[in-house]
Amino acid sequence: MLSRTTELAAQRLGAGFFLPALFVQRYASMGGLDPGLFAAQLNGVRSFKDEAWCGYWNALAREQLASIETVLPGFAGAFSAVPADAADTKGLNWVALRDALSPFGKRVAALMTLNEAAAAVSSVDKQASPGSHRAMTALRSLVKAITYYQVSAFPGGTMARMEAYARSRALFDELIAIVGPLVGMVIEKHQIEVDGDAVEGYLVTPAGTARHPLAIITNGLEGTVQELAIPLLRYHDSGMAVFIMEMPGTYGYRQRMSLASEAIYHAVIENLSGHSRIDPLRVGFVGVSFGAYWAARMAGSSKKLRCAVACGAPTHHSFKVKSTIGIPDIIIKALLNTTGAHTLMDLGLKLKALSLQQRYRQINIPLLVINGDKDTLLSTQDSIDLAKGAQQGTLKLYPNDDHCAMGHYNDWLDLSQAWLRGHLVPDTSRA
């Protein structure tokens with residue numbers, strides 16, 4: 001909807017009415033939220049303005065943090081003792097929480113995103129102490145708080161939303177410090193300076209000193225590192241390293257996204273290929289939503305990539321003016337902000353310039369293309385054409401599913417991981 005009456009209508013219909021159909025599934029999957037509860041919460045917020053939107057989701061995030069104080073005596077008063085908008089949690093005893101979780105070992109990565117219903121019937125280690133079970137409850141609350149703050153930050157572009165983004169990221173830093181050692185992974189911030197801009201991503205490598213294949217993973221228009229990293233921690237035994245980054249033009253970047261952003265991805269590939277823990281001859285690229293556009297583009301332009309995965313890629317049809325009809329107003333505003341466009345006409349020209357239609361045949365490495373067969377946000381035809389046009393394209397469309405096949409989220413994560421391992425991990429290293 002491109003009408004300026006969206007804000008007024010949201011007061012009557014609720015914000016959820018104006019968001020992509022996949023919104024609920026997306027964040028429920030990330031945070032282990034009950035989809036029905038989250039949908040109701042989404043309908044409970046009646047404005048996209050910062051004060052209402054951010055205030056609503058920040059309060060829900062703080063409720064989750066307060067619940068940690070309830071279940072862990074050592075955290076009593078920890079969050080209520082700092083300002084509501086504070087992002088600094090360094091003074092808290094997260095090490096004690098990690099120690100209490102140690103009986104769960106590597107299973108912690110899968111257990112921490114179970115919603116209440118799934119957690120109630122899961123076969124969690126019955127040998128774990130009550131204290132360890134309380135620690136798991138606290139960890140799940142931490143994941144939910146990270147998720148609620150990310151929803152608050154959606155889709156970026158304002159001071160209040162960027163503050164929520166910073167809080168989500170700060171809590172995520174604590175999460176990986178807890179979970180990383182438990183799953184045998186080294187997770188470190190990795191910054192790459194590129195022509196006046198900076199990529200601030202996370203490099204995740206198996207413990208030890210050996211070199212490993214690498215999958216570079218980039219999110220889309222308003223996606224974040226933490227949204228990708230949390231579910232990917234389940235694949236700690238893949239034998240691969242991953243570098244997770246956000247798309248140029250979003251959140252912390254200084255410059256807007258444009259065709260010139262390709263240079264940022266080339267610089268990332270070059271930088272990581274020289275890392276002491278990375279095998280430069282076994283590098284793959286994964287993109288999700290708008291990030292999948294860059295996965296397809298880099299698959300055709302980088303000589304250092306062995307394979308690529310594009311999930312929900314816009315490549316040509318999605319960039320036509322008529323394709324913006326029906327896109328939620330808040331997403332249009334995010335596109336304007338990310339591209340630096342000032343008008344819808346300007347946005348249309350910038351998007352049209354991104355078309356990959358004439359570049360499909362340049363993609364000569366194995367390319368896995370994933371989507372739902374009923375994408376309501378972008379064009380499913382783009383996925384079909386991309387897979388058909390690439391020299392070694394493979395198409396996986398999930399039936400009766402939407403953009404990025406969020407209804408089959410775990411399925412396509414499993415598929416893409418297995419596919420990447422098949423192309424990047426030597427036979428002797430596979431489990």
# chains A, B, ... in the order shown; residues from 1 in each chain; ligands from 1
call {"tool": "select_by_dssp", "arguments": {"residues": "stretch 7-230 of chain A", "states": "alpha helix (DSSP H)", "output": "PDB file with C-alpha atoms, in the first residue's frame"}}
result
ATOM      1  CA  GLU A   7      -0.764   5.344   9.849  1.00  0.00           C
ATOM      2  CA  LEU A   8      -4.392   6.324  10.335  1.00  0.00           C
ATOM      3  CA  ALA A   9      -5.635   2.923   9.214  1.00  0.00           C
ATOM      4  CA  ALA A  10      -3.160   1.164  11.521  1.00  0.00           C
ATOM      5  CA  GLN A  11      -4.860   2.837  14.482  1.00  0.00           C
ATOM      6  CA  ARG A  12      -8.041   0.974  13.567  1.00  0.00           C
ATOM      7  CA  LEU A  13      -6.749  -2.266  12.027  1.00  0.00           C
ATOM      8  CA  PHE A  23       6.331 -11.305   9.296  1.00  0.00           C
ATOM      9  CA  VAL A  24       4.919 -13.470  12.072  1.00  0.00           C
ATOM     10  CA  GLN A  25       6.620 -16.685  10.963  1.00  0.00           C
ATOM     11  CA  ARG A  26       9.912 -14.887  10.454  1.00  0.00           C
ATOM     12  CA  TYR A  27      10.289 -13.550  13.972  1.00  0.00           C
ATOM     13  CA  ALA A  28       8.590 -16.487  15.647  1.00  0.00           C
ATOM     14  CA  SER A  29      11.258 -18.703  14.099  1.00  0.00           C
ATOM     15  CA  MET A  30      14.077 -16.432  15.175  1.00  0.00           C
ATOM     16  CA  GLY A  31      13.068 -16.043  18.798  1.00  0.00           C
ATOM     17  CA  PRO A  35       3.225 -17.617  16.454  1.00  0.00           C
ATOM     18  CA  GLY A  36      -0.303 -17.065  17.746  1.00  0.00           C
ATOM     19  CA  LEU A  37       0.876 -14.944  20.648  1.00  0.00           C
ATOM     20  CA  PHE A  38       3.222 -12.916  18.457  1.00  0.00           C
ATOM     21  CA  ALA A  39       0.454 -12.309  15.910  1.00  0.00           C
ATOM     22  CA  ALA A  40      -1.771 -11.024  18.696  1.00  0.00           C
ATOM     23  CA  GLN A  41       1.026  -8.791  19.963  1.00  0.00           C
ATOM     24  CA  LEU A  42       1.530  -7.465  16.463  1.00  0.00           C
ATOM     25  CA  ASN A  43      -2.131  -6.575  16.188  1.00  0.00           C
ATOM     26  CA  GLY A  44      -1.884  -4.858  19.556  1.00  0.00           C
ATOM     27  CA  ASP A  50       8.706   5.564  16.845  1.00  0.00           C
ATOM     28  CA  GLU A  51       7.143   6.426  20.189  1.00  0.00           C
ATOM     29  CA  ALA A  52       4.365   3.875  19.844  1.00  0.00           C
ATOM     30  CA  TRP A  53       6.131   1.160  17.824  1.00  0.00           C
ATOM     31  CA  CYS A  54       9.473   1.144  19.636  1.00  0.00           C
ATOM     32  CA  GLY A  55       7.910   1.769  23.032  1.00  0.00           C
ATOM     33  CA  TYR A  56       5.611  -1.238  22.592  1.00  0.00           C
ATOM     34  CA  TRP A  57       8.273  -3.746  21.518  1.00  0.00           C
ATOM     35  CA  ASN A  58      10.926  -2.417  23.910  1.00  0.00           C
ATOM     36  CA  ALA A  59       8.519  -3.023  26.788  1.00  0.00           C
ATOM     37  CA  LEU A  60       8.025  -6.631  25.683  1.00  0.00           C
ATOM     38  CA  ALA A  61      11.803  -7.070  25.463  1.00  0.00           C
ATOM     39  CA  ARG A  62      12.229  -5.705  28.979  1.00  0.00           C
ATOM     40  CA  GLU A  63       9.599  -8.141  30.240  1.00  0.00           C
ATOM     41  CA  GLN A  64      11.764 -10.983  28.965  1.00  0.00           C
ATOM     42  CA  LEU A  65      14.837  -9.545  30.663  1.00  0.00           C
ATOM     43  CA  ALA A  66      12.883  -9.128  33.885  1.00  0.00           C
ATOM     44  CA  SER A  67      11.928 -12.812  33.712  1.00  0.00           C
ATOM     45  CA  ILE A  68      15.639 -13.671  33.784  1.00  0.00           C
ATOM     46  CA  GLU A  69      15.849 -11.915  37.137  1.00  0.00           C
ATOM     47  CA  THR A  70      12.972 -14.072  38.354  1.00  0.00           C
ATOM     48  CA  VAL A  71      14.479 -17.458  37.473  1.00  0.00           C
ATOM     49  CA  TRP A  94      26.785 -14.235  32.015  1.00  0.00           C
ATOM     50  CA  VAL A  95      29.601 -16.693  32.727  1.00  0.00           C
ATOM     51  CA  ALA A  96      27.566 -18.185  35.568  1.00  0.00           C
ATOM     52  CA  LEU A  97      24.679 -18.669  33.169  1.00  0.00           C
ATOM     53  CA  ARG A  98      26.938 -20.458  30.688  1.00  0.00           C
ATOM     54  CA  ASP A  99      28.292 -22.720  33.409  1.00  0.00           C
ATOM     55  CA  ALA A 100      24.774 -23.629  34.463  1.00  0.00           C
ATOM     56  CA  LEU A 101      23.950 -24.541  30.850  1.00  0.00           C
ATOM     57  CA  VAL A 108      21.860 -25.684  23.743  1.00  0.00           C
ATOM     58  CA  ALA A 109      21.829 -24.170  20.227  1.00  0.00           C
ATOM     59  CA  ALA A 110      18.665 -26.044  19.279  1.00  0.00           C
ATOM     60  CA  LEU A 111      16.991 -25.897  22.683  1.00  0.00           C
ATOM     61  CA  GLU A 116       6.930 -22.853  25.185  1.00  0.00           C
ATOM     62  CA  ALA A 117       4.809 -25.587  23.629  1.00  0.00           C
ATOM     63  CA  ALA A 118       7.782 -27.342  22.028  1.00  0.00           C
ATOM     64  CA  ALA A 119       9.920 -26.947  25.128  1.00  0.00           C
ATOM     65  CA  ALA A 120       7.241 -28.606  27.250  1.00  0.00           C
ATOM     66  CA  VAL A 121       7.439 -31.838  25.240  1.00  0.00           C
ATOM     67  CA  PRO A 130      16.848 -27.737  38.385  1.00  0.00           C
ATOM     68  CA  GLY A 131      19.421 -24.941  38.220  1.00  0.00           C
ATOM     69  CA  SER A 132      20.354 -25.928  34.666  1.00  0.00           C
ATOM     70  CA  HIS A 133      16.713 -25.998  33.645  1.00  0.00           C
ATOM     71  CA  ARG A 134      16.244 -22.524  35.101  1.00  0.00           C
ATOM     72  CA  ALA A 135      19.293 -21.404  33.143  1.00  0.00           C
ATOM     73  CA  MET A 136      17.736 -22.726  29.932  1.00  0.00           C
ATOM     74  CA  THR A 137      14.553 -20.805  30.687  1.00  0.00           C
ATOM     75  CA  ALA A 138      16.672 -17.691  31.176  1.00  0.00           C
ATOM     76  CA  LEU A 139      18.526 -18.275  27.918  1.00  0.00           C
ATOM     77  CA  ARG A 140      15.252 -18.561  26.031  1.00  0.00           C
ATOM     78  CA  SER A 141      14.153 -15.284  27.583  1.00  0.00           C
ATOM     79  CA  LEU A 142      17.386 -13.695  26.404  1.00  0.00           C
ATOM     80  CA  VAL A 143      16.755 -14.898  22.836  1.00  0.00           C
ATOM     81  CA  LYS A 144      13.212 -13.509  22.997  1.00  0.00           C
ATOM     82  CA  ALA A 145      14.484 -10.150  24.254  1.00  0.00           C
ATOM     83  CA  ILE A 146      16.948  -9.978  21.347  1.00  0.00           C
ATOM     84  CA  THR A 147      14.085 -10.730  18.979  1.00  0.00           C
ATOM     85  CA  TYR A 148      11.676  -8.177  20.421  1.00  0.00           C
ATOM     86  CA  TYR A 149      14.341  -5.483  20.257  1.00  0.00           C
ATOM     87  CA  GLN A 150      14.943  -6.411  16.624  1.00  0.00           C
ATOM     88  CA  VAL A 151      11.233  -6.079  15.874  1.00  0.00           C
ATOM     89  CA  SER A 152      11.415  -2.679  17.552  1.00  0.00           C
ATOM     90  CA  ALA A 153      14.278  -1.765  15.213  1.00  0.00           C
ATOM     91  CA  MET A 159      17.142   7.197  15.974  1.00  0.00           C
ATOM     92  CA  ALA A 160      14.709   5.236  18.140  1.00  0.00           C
ATOM     93  CA  ARG A 161      14.864   2.213  15.865  1.00  0.00           C
ATOM     94  CA  MET A 162      18.657   2.344  15.733  1.00  0.00           C
ATOM     95  CA  GLU A 163      18.752   2.438  19.526  1.00  0.00           C
ATOM     96  CA  ALA A 164      16.650  -0.723  19.591  1.00  0.00           C
ATOM     97  CA  TYR A 165      19.001  -2.250  17.016  1.00  0.00           C
ATOM     98  CA  ALA A 166      21.956  -1.452  19.299  1.00  0.00           C
ATOM     99  CA  ARG A 167      20.225  -3.085  22.278  1.00  0.00           C
ATOM    100  CA  SER A 168      19.438  -6.200  20.260  1.00  0.00           C
ATOM    101  CA  ARG A 169      23.044  -6.391  19.091  1.00  0.00           C
ATOM    102  CA  ALA A 170      24.455  -5.833  22.598  1.00  0.00           C
ATOM    103  CA  LEU A 171      22.371  -8.696  23.986  1.00  0.00           C
ATOM    104  CA  PHE A 172      23.344 -10.853  21.007  1.00  0.00           C
ATOM    105  CA  ASP A 173      27.003 -10.293  21.888  1.00  0.00           C
ATOM    106  CA  GLU A 174      26.270 -11.703  25.330  1.00  0.00           C
ATOM    107  CA  LEU A 175      24.370 -14.630  23.807  1.00  0.00           C
ATOM    108  CA  ILE A 176      27.257 -15.735  21.598  1.00  0.00           C
ATOM    109  CA  ALA A 177      29.677 -15.427  24.519  1.00  0.00           C
ATOM    110  CA  ILE A 178      27.449 -17.901  26.346  1.00  0.00           C
ATOM    111  CA  VAL A 179      26.638 -20.288  23.519  1.00  0.00           C
ATOM    112  CA  GLY A 180      29.837 -20.213  21.421  1.00  0.00           C
ATOM    113  CA  PRO A 181      32.041 -22.161  23.859  1.00  0.00           C
ATOM    114  CA  LEU A 182      29.230 -24.645  24.553  1.00  0.00           C
ATOM    115  CA  VAL A 183      28.918 -25.592  20.874  1.00  0.00           C
ATOM    116  CA  VAL A 225      23.170 -10.470  11.740  1.00  0.00           C
ATOM    117  CA  GLN A 226      21.491 -11.878  14.817  1.00  0.00           C
ATOM    118  CA  GLU A 227      18.446 -13.004  12.847  1.00  0.00           C
ATOM    119  CA  LEU A 228      20.678 -15.227  10.714  1.00  0.00           C
ATOM    120  CA  ALA A 229      23.199 -16.250  13.360  1.00  0.00           C
ATOM    121  CA  ILE A 230      20.825 -17.599  16.010  1.00  0.00           C
TER     122      ILE A 230
END
call {"tool": "select_by_dssp", "arguments": {"residues": "stretch 162-307 of chain A", "states": "strand (DSSP E)", "output": "number ranges by chain"}}
result
A: 185-194, 197-206, 212-218, 241-245, 278-288, 307
call {"tool": "write_last_selection", "arguments": {"atoms": "C-alpha atoms", "output": "compact mmCIF listing (two decimals), in the first residue's frame"}}
result
# COMPACT_ATOMS: atom_id res chain seq x y z
CA MET A 185 32.68 -22.46 17.98
CA VAL A 186 34.81 -19.33 18.05
CA ILE A 187 32.59 -16.32 17.32
CA GLU A 188 34.29 -12.99 16.88
CA LYS A 189 33.45 -9.59 15.50
CA HIS A 190 35.23 -8.90 12.25
CA GLN A 191 35.30 -5.44 10.70
CA ILE A 192 36.33 -4.75 7.11
CA GLU A 193 36.89 -1.17 5.93
CA VAL A 194 35.87 -0.59 2.32
CA ASP A 197 32.33 2.31 4.63
CA ALA A 198 32.67 -0.50 7.14
CA VAL A 199 31.33 -4.04 7.19
CA GLU A 200 30.76 -5.12 10.78
CA GLY A 201 30.10 -8.83 10.71
CA TYR A 202 30.73 -11.94 12.76
CA LEU A 203 33.15 -14.69 11.80
CA VAL A 204 32.19 -18.08 13.21
CA THR A 205 34.81 -20.83 13.01
CA PRO A 206 35.18 -24.28 14.56
CA HIS A 212 37.87 -24.47 6.98
CA PRO A 213 35.55 -23.85 4.04
CA LEU A 214 33.65 -20.59 4.36
CA ALA A 215 30.06 -19.56 3.69
CA ILE A 216 29.53 -15.80 3.52
CA ILE A 217 25.92 -15.06 4.49
CA THR A 218 24.13 -11.75 3.95
CA ALA A 241 33.13 -21.44 8.96
CA VAL A 242 30.56 -18.72 8.32
CA PHE A 243 30.79 -14.96 8.05
CA ILE A 244 27.48 -13.22 8.69
CA MET A 245 26.93 -9.65 7.54
CA ILE A 278 39.79 -19.95 6.04
CA ASP A 279 40.49 -22.16 3.03
CA PRO A 280 40.45 -19.61 0.17
CA LEU A 281 39.69 -22.29 -2.43
CA ARG A 282 36.42 -23.32 -0.77
CA VAL A 283 34.27 -20.22 -0.38
CA GLY A 284 30.51 -20.08 -0.90
CA PHE A 285 27.96 -17.29 -0.70
CA VAL A 286 24.42 -17.30 0.73
CA GLY A 287 21.86 -14.52 0.45
CA VAL A 288 18.41 -14.21 1.98
CA CYS A 307 28.95 -22.12 -5.09
call {"tool": "residues_around", "arguments": {"residues": "A:Ile330", "least_positions_apart": "5", "cutoff": "10 Å", "atoms": "only C-alpha atoms", "output": "VMD selection string"}}
result
chain A and resid 1 to 2 6 to 7 18 to 20 48 154 to 155 335 to 336
call {"tool": "write_last_selection", "arguments": {"atoms": "all heavy atoms", "output": "short mmCIF file (atom, residue, chain, number, x, y, z; two decimals), in the first residue's frame"}}
result
data_model
loop_
_atom_site.label_atom_id
_atom_site.label_comp_id
_atom_site.auth_asym_id
_atom_site.auth_seq_id
_atom_site.Cartn_x
_atom_site.Cartn_y
_atom_site.Cartn_z
N MET A 1 0.85 -1.19 0.00
CA MET A 1 0.00 0.00 0.00
C MET A 1 0.88 1.23 0.00
O MET A 1 1.74 1.39 0.86
CB MET A 1 -0.92 0.00 1.23
CG MET A 1 -1.80 1.23 1.32
SD MET A 1 -2.91 1.16 2.77
CE MET A 1 -4.03 -0.11 2.24
N LEU A 2 0.69 2.14 -0.94
CA LEU A 2 1.52 3.32 -1.06
C LEU A 2 0.82 4.56 -0.52
O LEU A 2 1.33 5.66 -0.64
CB LEU A 2 1.89 3.54 -2.53
CG LEU A 2 2.59 2.36 -3.20
CD1 LEU A 2 2.96 2.71 -4.63
CD2 LEU A 2 3.82 1.96 -2.43
N THR A 6 -1.79 5.04 5.72
CA THR A 6 -1.45 3.81 6.44
C THR A 6 -1.44 4.01 7.95
O THR A 6 -1.98 3.18 8.70
CB THR A 6 -0.06 3.30 5.99
OG1 THR A 6 -0.12 2.99 4.60
CG2 THR A 6 0.34 2.07 6.76
N GLU A 7 -0.86 5.10 8.41
CA GLU A 7 -0.76 5.34 9.85
C GLU A 7 -2.15 5.47 10.48
O GLU A 7 -2.41 4.91 11.54
CB GLU A 7 0.06 6.61 10.10
CG GLU A 7 0.26 6.96 11.56
CD GLU A 7 1.03 5.91 12.35
OE1 GLU A 7 1.82 5.17 11.74
OE2 GLU A 7 0.84 5.83 13.58
N PHE A 18 -0.68 -4.29 7.89
CA PHE A 18 0.10 -3.63 6.85
C PHE A 18 1.50 -4.21 6.68
O PHE A 18 2.33 -3.64 5.97
CB PHE A 18 0.20 -2.13 7.15
CG PHE A 18 -1.13 -1.46 7.16
CD1 PHE A 18 -1.82 -1.28 8.36
CD2 PHE A 18 -1.72 -1.05 5.98
CE1 PHE A 18 -3.07 -0.67 8.36
CE2 PHE A 18 -2.97 -0.45 5.98
CZ PHE A 18 -3.65 -0.27 7.18
N LEU A 19 1.77 -5.32 7.32
CA LEU A 19 3.09 -5.94 7.22
C LEU A 19 3.03 -7.18 6.35
O LEU A 19 1.97 -7.77 6.15
CB LEU A 19 3.60 -6.29 8.62
CG LEU A 19 3.96 -5.07 9.47
CD1 LEU A 19 4.18 -5.48 10.92
CD2 LEU A 19 5.19 -4.37 8.92
N PRO A 20 4.18 -7.60 5.79
CA PRO A 20 4.20 -8.80 4.94
C PRO A 20 3.60 -10.00 5.65
O PRO A 20 3.74 -10.15 6.88
CB PRO A 20 5.69 -8.99 4.65
CG PRO A 20 6.30 -7.64 4.81
CD PRO A 20 5.52 -6.98 5.91
N PHE A 48 3.01 2.94 13.54
CA PHE A 48 4.39 2.69 13.14
C PHE A 48 5.32 3.81 13.60
O PHE A 48 6.52 3.75 13.38
CB PHE A 48 4.48 2.56 11.61
CG PHE A 48 3.90 1.28 11.09
CD1 PHE A 48 2.68 1.27 10.43
CD2 PHE A 48 4.56 0.07 11.26
CE1 PHE A 48 2.14 0.09 9.94
CE2 PHE A 48 4.02 -1.12 10.78
CZ PHE A 48 2.81 -1.11 10.12
N PHE A 154 12.84 -2.67 13.46
CA PHE A 154 12.30 -2.79 12.10
C PHE A 154 11.63 -1.50 11.66
O PHE A 154 10.82 -0.94 12.38
CB PHE A 154 11.29 -3.94 12.07
CG PHE A 154 10.50 -4.06 10.80
CD1 PHE A 154 11.00 -4.80 9.74
CD2 PHE A 154 9.28 -3.42 10.65
CE1 PHE A 154 10.28 -4.92 8.56
CE2 PHE A 154 8.56 -3.53 9.47
CZ PHE A 154 9.06 -4.28 8.43
N PRO A 155 11.89 -1.00 10.44
CA PRO A 155 12.92 -1.47 9.50
C PRO A 155 14.16 -0.58 9.51
O PRO A 155 14.83 -0.41 8.50
CB PRO A 155 12.19 -1.34 8.17
CG PRO A 155 11.39 -0.08 8.32
CD PRO A 155 11.00 -0.02 9.78
N LEU A 335 12.99 0.81 1.57
CA LEU A 335 13.69 0.82 0.27
C LEU A 335 14.19 2.22 -0.05
O LEU A 335 15.33 2.40 -0.55
CB LEU A 335 12.76 0.33 -0.83
CG LEU A 335 12.59 -1.18 -0.97
CD1 LEU A 335 11.41 -1.51 -1.89
CD2 LEU A 335 13.87 -1.81 -1.51
N LEU A 336 13.37 3.22 0.19
CA LEU A 336 13.79 4.60 -0.04
C LEU A 336 15.02 4.94 0.79
O LEU A 336 15.98 5.54 0.30
CB LEU A 336 12.65 5.57 0.29
CG LEU A 336 11.44 5.56 -0.64
CD1 LEU A 336 10.27 6.33 -0.02
CD2 LEU A 336 11.79 6.15 -2.00
#
call {"tool": "atom_distance", "arguments": {"atom1": "atom CA of A:His275", "atom2": "atom CA of A:Tyr253"}}
result
22.9 Å
call {"tool": "residues_around", "arguments": {"residues": "A:Arg297", "least_positions_apart": "5", "cutoff": "12 Å", "atoms": "only C-alpha atoms", "output": "ChimeraX atom specification"}}
result
/A:259,261-263,265-266,285-287,290-292,302-303,305,308-310,313-316,354-365,367,386,390
call {"tool": "write_last_selection", "arguments": {"atoms": "N, CA, C and O atoms", "output": "compact mmCIF listing (two decimals), in the first residue's frame"}}
result
# COMPACT_ATOMS: atom_id res chain seq x y z
N LEU A 259 24.60 -0.07 -7.18
CA LEU A 259 25.42 -1.01 -7.94
C LEU A 259 26.85 -1.04 -7.42
O LEU A 259 27.53 -2.07 -7.48
N SER A 261 27.77 -1.14 -4.51
CA SER A 261 27.88 -1.99 -3.32
C SER A 261 28.51 -3.34 -3.64
O SER A 261 28.98 -4.04 -2.74
N GLU A 262 28.53 -3.70 -4.91
CA GLU A 262 29.20 -4.94 -5.30
C GLU A 262 30.65 -4.95 -4.83
O GLU A 262 31.19 -5.99 -4.44
N ALA A 263 31.29 -3.77 -4.85
CA ALA A 263 32.69 -3.67 -4.42
C ALA A 263 32.85 -4.06 -2.95
O ALA A 263 33.89 -4.59 -2.56
N TYR A 265 31.13 -6.39 -1.34
CA TYR A 265 31.14 -7.85 -1.26
C TYR A 265 32.44 -8.44 -1.81
O TYR A 265 32.96 -9.41 -1.26
N HIS A 266 32.97 -7.85 -2.87
CA HIS A 266 34.28 -8.32 -3.37
C HIS A 266 35.35 -8.13 -2.30
O HIS A 266 36.21 -9.01 -2.11
N PHE A 285 28.67 -18.53 -1.01
CA PHE A 285 27.96 -17.29 -0.70
C PHE A 285 26.47 -17.61 -0.56
O PHE A 285 25.90 -18.30 -1.40
N VAL A 286 25.85 -17.08 0.49
CA VAL A 286 24.42 -17.30 0.73
C VAL A 286 23.75 -15.95 0.93
O VAL A 286 24.25 -15.12 1.70
N GLY A 287 22.63 -15.74 0.26
CA GLY A 287 21.86 -14.52 0.45
C GLY A 287 20.41 -14.83 0.73
O GLY A 287 19.84 -15.77 0.18
N PHE A 290 16.51 -9.75 -0.05
CA PHE A 290 17.28 -8.86 -0.92
C PHE A 290 18.75 -9.25 -0.93
O PHE A 290 19.49 -9.01 -1.89
N GLY A 291 19.21 -9.86 0.16
CA GLY A 291 20.59 -10.35 0.18
C GLY A 291 20.82 -11.42 -0.86
O GLY A 291 21.95 -11.61 -1.33
N ALA A 292 19.75 -12.13 -1.26
CA ALA A 292 19.87 -13.15 -2.30
C ALA A 292 20.15 -12.53 -3.66
O ALA A 292 20.72 -13.19 -4.54
N SER A 302 32.24 -12.93 -9.08
CA SER A 302 33.43 -13.26 -8.30
C SER A 302 34.06 -14.57 -8.79
O SER A 302 33.38 -15.58 -8.93
N LYS A 303 35.36 -14.54 -9.00
CA LYS A 303 36.10 -15.73 -9.43
C LYS A 303 36.52 -16.59 -8.24
O LYS A 303 37.06 -17.67 -8.43
N LEU A 305 34.41 -17.65 -5.74
CA LEU A 305 33.33 -18.44 -5.17
C LEU A 305 33.22 -19.80 -5.83
O LEU A 305 33.33 -19.92 -7.05
N ALA A 308 26.87 -20.96 -4.60
CA ALA A 308 26.07 -19.91 -3.97
C ALA A 308 24.65 -20.41 -3.75
O ALA A 308 24.17 -21.31 -4.45
N VAL A 309 23.98 -19.79 -2.78
CA VAL A 309 22.57 -20.07 -2.47
C VAL A 309 21.83 -18.75 -2.46
O VAL A 309 22.27 -17.79 -1.80
N ALA A 310 20.70 -18.68 -3.18
CA ALA A 310 19.89 -17.47 -3.22
C ALA A 310 18.47 -17.81 -2.79
O ALA A 310 17.76 -18.53 -3.49
N ALA A 313 15.29 -14.34 -3.97
CA ALA A 313 16.01 -13.27 -4.66
C ALA A 313 15.11 -12.44 -5.57
O ALA A 313 14.40 -12.98 -6.40
N PRO A 314 15.18 -11.10 -5.46
CA PRO A 314 14.63 -10.24 -6.50
C PRO A 314 15.71 -10.07 -7.56
O PRO A 314 16.87 -9.79 -7.23
N THR A 315 15.38 -10.26 -8.82
CA THR A 315 16.41 -10.15 -9.85
C THR A 315 15.99 -9.32 -11.06
O THR A 315 16.81 -8.69 -11.71
N HIS A 316 14.69 -9.27 -11.36
CA HIS A 316 14.24 -8.50 -12.52
C HIS A 316 12.77 -8.08 -12.39
O HIS A 316 12.48 -6.89 -12.28
N LEU A 354 19.22 -2.35 -11.17
CA LEU A 354 19.78 -3.53 -10.52
C LEU A 354 19.49 -4.83 -11.27
O LEU A 354 20.04 -5.88 -10.91
N SER A 355 18.65 -4.79 -12.27
CA SER A 355 18.21 -6.02 -12.94
C SER A 355 19.38 -6.92 -13.33
O SER A 355 20.40 -6.48 -13.85
N LEU A 356 19.19 -8.22 -13.06
CA LEU A 356 20.20 -9.22 -13.40
C LEU A 356 19.81 -10.04 -14.62
O LEU A 356 20.50 -10.99 -14.98
N GLN A 357 18.72 -9.70 -15.27
CA GLN A 357 18.20 -10.54 -16.34
C GLN A 357 19.24 -10.85 -17.41
O GLN A 357 19.28 -11.97 -17.93
N GLN A 358 20.07 -9.88 -17.73
CA GLN A 358 21.08 -10.09 -18.77
C GLN A 358 22.36 -10.73 -18.24
O GLN A 358 23.30 -10.94 -19.01
N ARG A 359 22.36 -11.08 -16.96
CA ARG A 359 23.59 -11.61 -16.35
C ARG A 359 23.46 -13.05 -15.89
O ARG A 359 24.40 -13.63 -15.37
N TYR A 360 22.27 -13.65 -16.06
CA TYR A 360 22.07 -15.00 -15.57
C TYR A 360 23.11 -15.99 -16.10
O TYR A 360 23.64 -16.82 -15.37
N ARG A 361 23.40 -15.92 -17.41
CA ARG A 361 24.31 -16.89 -18.02
C ARG A 361 25.75 -16.71 -17.56
O ARG A 361 26.59 -17.58 -17.79
N GLN A 362 26.04 -15.59 -16.92
CA GLN A 362 27.39 -15.38 -16.39
C GLN A 362 27.63 -16.21 -15.13
O GLN A 362 28.77 -16.34 -14.67
N ILE A 363 26.56 -16.74 -14.57
CA ILE A 363 26.69 -17.55 -13.35
C ILE A 363 27.04 -18.98 -13.75
O ILE A 363 26.19 -19.74 -14.23
N ASN A 364 28.30 -19.35 -13.59
CA ASN A 364 28.74 -20.68 -14.03
C ASN A 364 29.12 -21.60 -12.88
O ASN A 364 29.63 -22.69 -13.10
N ILE A 365 28.88 -21.16 -11.64
CA ILE A 365 29.12 -22.03 -10.49
C ILE A 365 27.77 -22.61 -10.04
O ILE A 365 26.71 -22.09 -10.38
N LEU A 367 24.46 -23.05 -8.31
CA LEU A 367 23.61 -22.07 -7.64
C LEU A 367 22.31 -22.74 -7.22
O LEU A 367 21.57 -23.26 -8.07
N LEU A 386 15.97 -17.18 -12.60
CA LEU A 386 17.37 -17.22 -12.15
C LEU A 386 17.92 -18.63 -12.21
O LEU A 386 19.02 -18.87 -12.74
N ALA A 390 20.91 -19.60 -14.91
CA ALA A 390 22.26 -19.92 -14.45
C ALA A 390 22.71 -21.24 -15.07
O ALA A 390 21.90 -22.15 -15.28
call {"tool": "atom_distance", "arguments": {"atom1": "atom CA of A:Leu221", "atom2": "atom CA of A:Tyr293"}}
result
10.7 Å
call {"tool": "atom_distance", "arguments": {"atom1": "atom CA of A:Asp401", "atom2": "atom CA of A:Asp375"}}
result
7.0 Å
call {"tool": "closest_residue", "arguments": {"among": "A:Pro231, A:Gly220, A:Gly300, A:Pro248", "to": "A:Cys404", "atoms": "only C-alpha atoms"}}
result
A:Gly220
